[in-house]
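Notes to accompany the following structure.
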Amino acid sequence: MRKLLTFCIIFFLLQILTIKISPLFAQNSSKNETNVLVLHSYHQGLAWTDSITRGIRSVFKDKPDINLIFEYLDTKRNYNEEYLNALQNIYKVKAKQIPFKAIITSDNAAFDFVRKNGNEFYPNVPIIYCGVNDLDTSILKDYPNFFGYGEKADHYGTISAIKRIFPERKNIFIINDNTETGQAIQKEIKGITDQFKDLNFESVSEFTMESLQQTIRNLDDTYVIYLLVLNRDKNGKFISYQKGITQIKEVAHVPIFGSWDFYLDKGLFGGKITRGYEQGERAAMLALKLIQEPCANDIPQFNYLPSSYVFDCNELRTFNISKNQLPKNSILLNEPKDFGLILKISIISVIVLILIVLGLTIWLKVKQNRAKVLQYLVHEKTSKLNETNEELQQVIQNKNKFFSILAHDLRGSIGVILNLSTFINKPEFAISEEEKNEFNKDIFHVVTRTNGLLEDLFYWGTIQAEDGPKLTFTEFDINEVLTEMTEIFQVNLSEVSFNKNFNGELRITSDLNICKFLFRNIIQNAIKYSYKKGRVEIQSYSKNNQFYIEVKDYGLGMSKEIIESIYQKNPIRVEGLSGQKTTGLGLPTVLDYLEILKGQLLIESEVGKGSTFTIVLKNQEESEQA
């Protein structure tokens with residue numbers, strides 16, 4: 001009994017000692033990490049905030065030893081004193097958990113929050129700020145550990161561009177809300193407008209979206225809109241950048257100018273643009289320098305980044321403006337493709353494809369000759385070797401069928417290019433803009449289809465090589481790749497529509513080119529077997545540290561026999577609903593690469609009701625590279 005009591009006492013003391021020591025080990029471990037806090041003023045999903053994040057990530061993407069921790073104050077949607085006091089209490093607790101080597105803040109709210117609480121929460125930690133408006137630089141002398149970049153929109157440059165491009169429009173209607181950011185910008189622009197005596201400026205800061213739309217409807221062709229900040233109406237209702245400019249564009253009959261990149265490609269004509277990506281990139285570079293050289297004394301506490309003229313070609317066409325009317329060195333968005341260049345690229349692509357097919361044909365002929373020798377030897381051996389010979393014959397037949405289909409597709413592609421070339425080279429050749437666009441679409445369709453064949457051949461040939469494919473793992477956004485891919489396919493679609501369900505970022509570390517090949521195959525497969533006026537649904541998401549890319553069609557569907565043949569990498573060939581032939585290389589090659597990436601292909605289908613192909617991927621570590 002005494003021994004049992006002694007044992008219990010010793011066990012109890014050991015438990016207490018373990019509890020006391022564990023936090024010490026955890027604390028020591030965390031001190032060895034290089035952590036960087038990124039504190040955003042606004043919320044994730046806001047275009048400006050997300051562009052700053054991309055700029056920061058671009059600098060640290062090759063720095064696996066540095067751990068980025070993102071926090072969002074969300075002050076666009078929450079801004080009362082009670083909320084800010086709650087934030088202060090939360091971050092006071094958080095600051096005790098993780099030590100930071102540097103802190104990056106974006107925009108005014110985060111800057112002011114760290115300036116107010118930094119000495120208490122993060123003593124002696126360098127603070128790198130970006131995107132700060134209307135900063136009184138004299139206060140920085142009291143904060144020697146603050147370095148960074150102010151955000152100063154080039155209002156003078158934008159208004160000068162308005163005068164240059166639209167000299168007949170003398171009225172500028174300024175939209176700028178009454179938020180903290182809006183008030184700071186109001187101070188910036190006040191002294192600028194006084195320099196343009198020949199222009200009349202009208203501004204609005206207290207509004208509802210309905211009243212603002214009504215005012216904009218009544219603007220005549222003597223007006224230009226200068227859109228500054230539109231994040232909250234007079235009732236405190238939050239307005240996203242996308243929703244704000246979309247609702248303005250719906251009712252506006254006049255050009256809309258701006259000075260920030262979050263309105264670009266959403267209906268903005270253009271302006272002297274401040275870019276969030278560059279703000280984040282420069283702040284991250286400064287943070288990295290301070291981490292690597294803590295005692296560097298050549299870093300200024302404050303600086304501005306230059307803006308660039310950026311204009312949207314779609315808006316130029318709407319208002320009949322030529323490029324010659326724009327300021328020098330302007331950047332153009334949505335510039336139309338060069339018709340002649342596309343034709344040259346398509347011809348070169350077909351020639352390259354012919355050379356590749358010729359080489360593969362010679363290689364296959366050599367293989368066939370070797371197969372005949374093996375066939376003779378097989379007949380001299382055991383029945384098992386006879387079975388092997390039959391399988392080899394089947395492979396040869398499949399390859400012959402493949403090249404027959406490939407030759408058919410090549411002949412069609414070359415025929416289209418030759419016909420177009422012959423027609424264009426006739427002396428009497430003259431077409432309207434509409435006909436030119438149709439030619440452009442036809443050529444783009446042929447190039448896309450030919451490029452698809454090239455990719456199938458390339459990746460099939462690579463997987464057949466003795467040393468296998470060489471993989472390069474990088475971090476990229478799945479949704480960005482899918483968006484780019486669907487835009488390319490959309491040009492080739494006639495009676496099939498896309499329904500896309502992916503928002504924000506979905507970042508993965510993998511081989512970008514191989515993933516593009518995988519995505520293209522299953523999307524192209526869905527289009528091929530969709531009925532006319534059908535739709536293809538694409539969605540992406542992550543679950544349990546895995547990434548899912550799901551492509552669903554409502555077309556022909558497949559039997560269990562066909563699904564099984566796909567998994568056996570010898571798919572039963574079925575023509576597309578528009579008569580498209582299939583080489584039978586795509587899905588087997590997809591399965592081969594998924595095995596290398598340790599992924600999966602999930603197939604669900606019902607005859608007559610369509611199919612769902614789901615690619616399952618996971619993050620790849622650098623040590624896993626082949």
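Each chain in the structure tokens gets a letter, A, B and so on, in the order shown; residues start at 1 in every chain, and ligands are counted from 1 in the order they appear.
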**Q.** For region 43-52 of chain A: contacts at 6 Å, only C-alpha atoms, fewer than 6 positions along chain excluded, given as a list in words
**A.**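 My list of contacting residues is Tyr72, Asp74, Phe262, Gly276, Tyr277 and Gly280 of chain A.
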Just-selected residues, all heavy atoms written as a JSON list (two decimals), in the first residue's frame:
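Output file part_14.json follows:
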```json
[["chain", "number", "residue", "atom", "x", "y", "z"],
["A", 72, "TYR", "N", -6.67, 40.25, -41.03],
["A", 72, "TYR", "CA", -7.51, 41.24, -41.70],
["A", 72, "TYR", "C", -8.35, 42.00, -40.66],
["A", 72, "TYR", "O", -9.12, 41.37, -39.92],
["A", 72, "TYR", "CB", -8.44, 40.56, -42.71],
["A", 72, "TYR", "CG", -7.71, 39.81, -43.78],
["A", 72, "TYR", "CD1", -7.26, 38.50, -43.57],
["A", 72, "TYR", "CD2", -7.42, 40.41, -45.01],
["A", 72, "TYR", "CE1", -6.58, 37.79, -44.56],
["A", 72, "TYR", "CE2", -6.74, 39.72, -46.01],
["A", 72, "TYR", "CZ", -6.31, 38.41, -45.77],
["A", 72, "TYR", "OH", -5.65, 37.74, -46.75],
["A", 74, "ASP", "N", -10.67, 44.21, -41.40],
["A", 74, "ASP", "CA", -12.03, 44.26, -41.94],
["A", 74, "ASP", "C", -12.72, 45.59, -41.65],
["A", 74, "ASP", "O", -13.91, 45.65, -41.33],
["A", 74, "ASP", "CB", -12.86, 43.10, -41.38],
["A", 74, "ASP", "CG", -14.12, 42.85, -42.20],
["A", 74, "ASP", "OD1", -14.21, 43.37, -43.31],
["A", 74, "ASP", "OD2", -15.01, 42.14, -41.69],
["A", 262, "PHE", "N", -8.04, 48.50, -58.88],
["A", 262, "PHE", "CA", -9.13, 47.58, -58.58],
["A", 262, "PHE", "C", -10.39, 47.86, -59.42],
["A", 262, "PHE", "O", -11.34, 47.08, -59.38],
["A", 262, "PHE", "CB", -9.49, 47.61, -57.08],
["A", 262, "PHE", "CG", -9.53, 48.98, -56.44],
["A", 262, "PHE", "CD1", -10.56, 49.86, -56.72],
["A", 262, "PHE", "CD2", -8.54, 49.37, -55.55],
["A", 262, "PHE", "CE1", -10.61, 51.11, -56.11],
["A", 262, "PHE", "CE2", -8.58, 50.62, -54.94],
["A", 262, "PHE", "CZ", -9.62, 51.49, -55.22],
["A", 276, "GLY", "N", -1.96, 48.08, -56.57],
["A", 276, "GLY", "CA", -1.80, 47.43, -55.26],
["A", 276, "GLY", "C", -0.70, 46.38, -55.28],
["A", 276, "GLY", "O", 0.02, 46.20, -54.30],
["A", 277, "TYR", "N", -0.56, 45.67, -56.40],
["A", 277, "TYR", "CA", 0.46, 44.62, -56.51],
["A", 277, "TYR", "C", 1.85, 45.21, -56.26],
["A", 277, "TYR", "O", 2.66, 44.64, -55.52],
["A", 277, "TYR", "CB", 0.40, 43.99, -57.90],
["A", 277, "TYR", "CG", 1.38, 42.85, -58.11],
["A", 277, "TYR", "CD1", 1.00, 41.53, -57.90],
["A", 277, "TYR", "CD2", 2.69, 43.10, -58.52],
["A", 277, "TYR", "CE1", 1.90, 40.49, -58.11],
["A", 277, "TYR", "CE2", 3.59, 42.08, -58.71],
["A", 277, "TYR", "CZ", 3.19, 40.77, -58.50],
["A", 277, "TYR", "OH", 4.08, 39.74, -58.68],
["A", 280, "GLY", "N", 2.41, 46.04, -52.55],
["A", 280, "GLY", "CA", 2.75, 44.85, -51.76],
["A", 280, "GLY", "C", 4.13, 44.32, -52.07],
["A", 280, "GLY", "O", 4.87, 43.90, -51.17]]
```
**Q.** helix (DSSP H, G or I) positions in region 173-277 of chain A, given as number ranges by chain
**A.** A: 180-193, 209-217, 241-251, 261-263, 276-277
Q.
Rounded to one decimal, what separation in Å do you get between CA of Asp62 (chain A) and CA of Ala284 (chain A)?
A.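 These two atoms are separated by 12.6 Å.
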Q) Please, which residues of region 114-334 of chain A, numbered as in this document, come out strand (DSSP E) from DSSP, as a ChimeraX atom specification? A) /A:127-132,146-150,171-175,200-204,223-227,256-258,270-273,303-304,308-312,331-333
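Residue nearest Gly236 (chain A) within the list A:Tyr79, A:Tyr593, A:Asn297, A:Phe100: A:Tyr79 [criterion: smallest interatomic distance, only C-alpha atoms].
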Q: Name all residues at most 7 Å from Ile127 (chain A) (count only C-alpha atoms; drop same-chain ones fewer than 4 positions away) and give them as a PyMOL selection string.
A: chain A and resi 102-104+145-147
Q. Out of A:Ile549, A:Val132, A:Val114, A:Leu358, which residue has the shortest atom-to-atom distance to Ile615 (chain A) when counting only C-alpha atoms?
A. A:Ile549
Q: Tell me which of A:Arg573, A:Lys618, A:Lys598, A:Lys94 sits closest to Gly586 (chain A), counting only C-alpha atoms.
A: A:Arg573
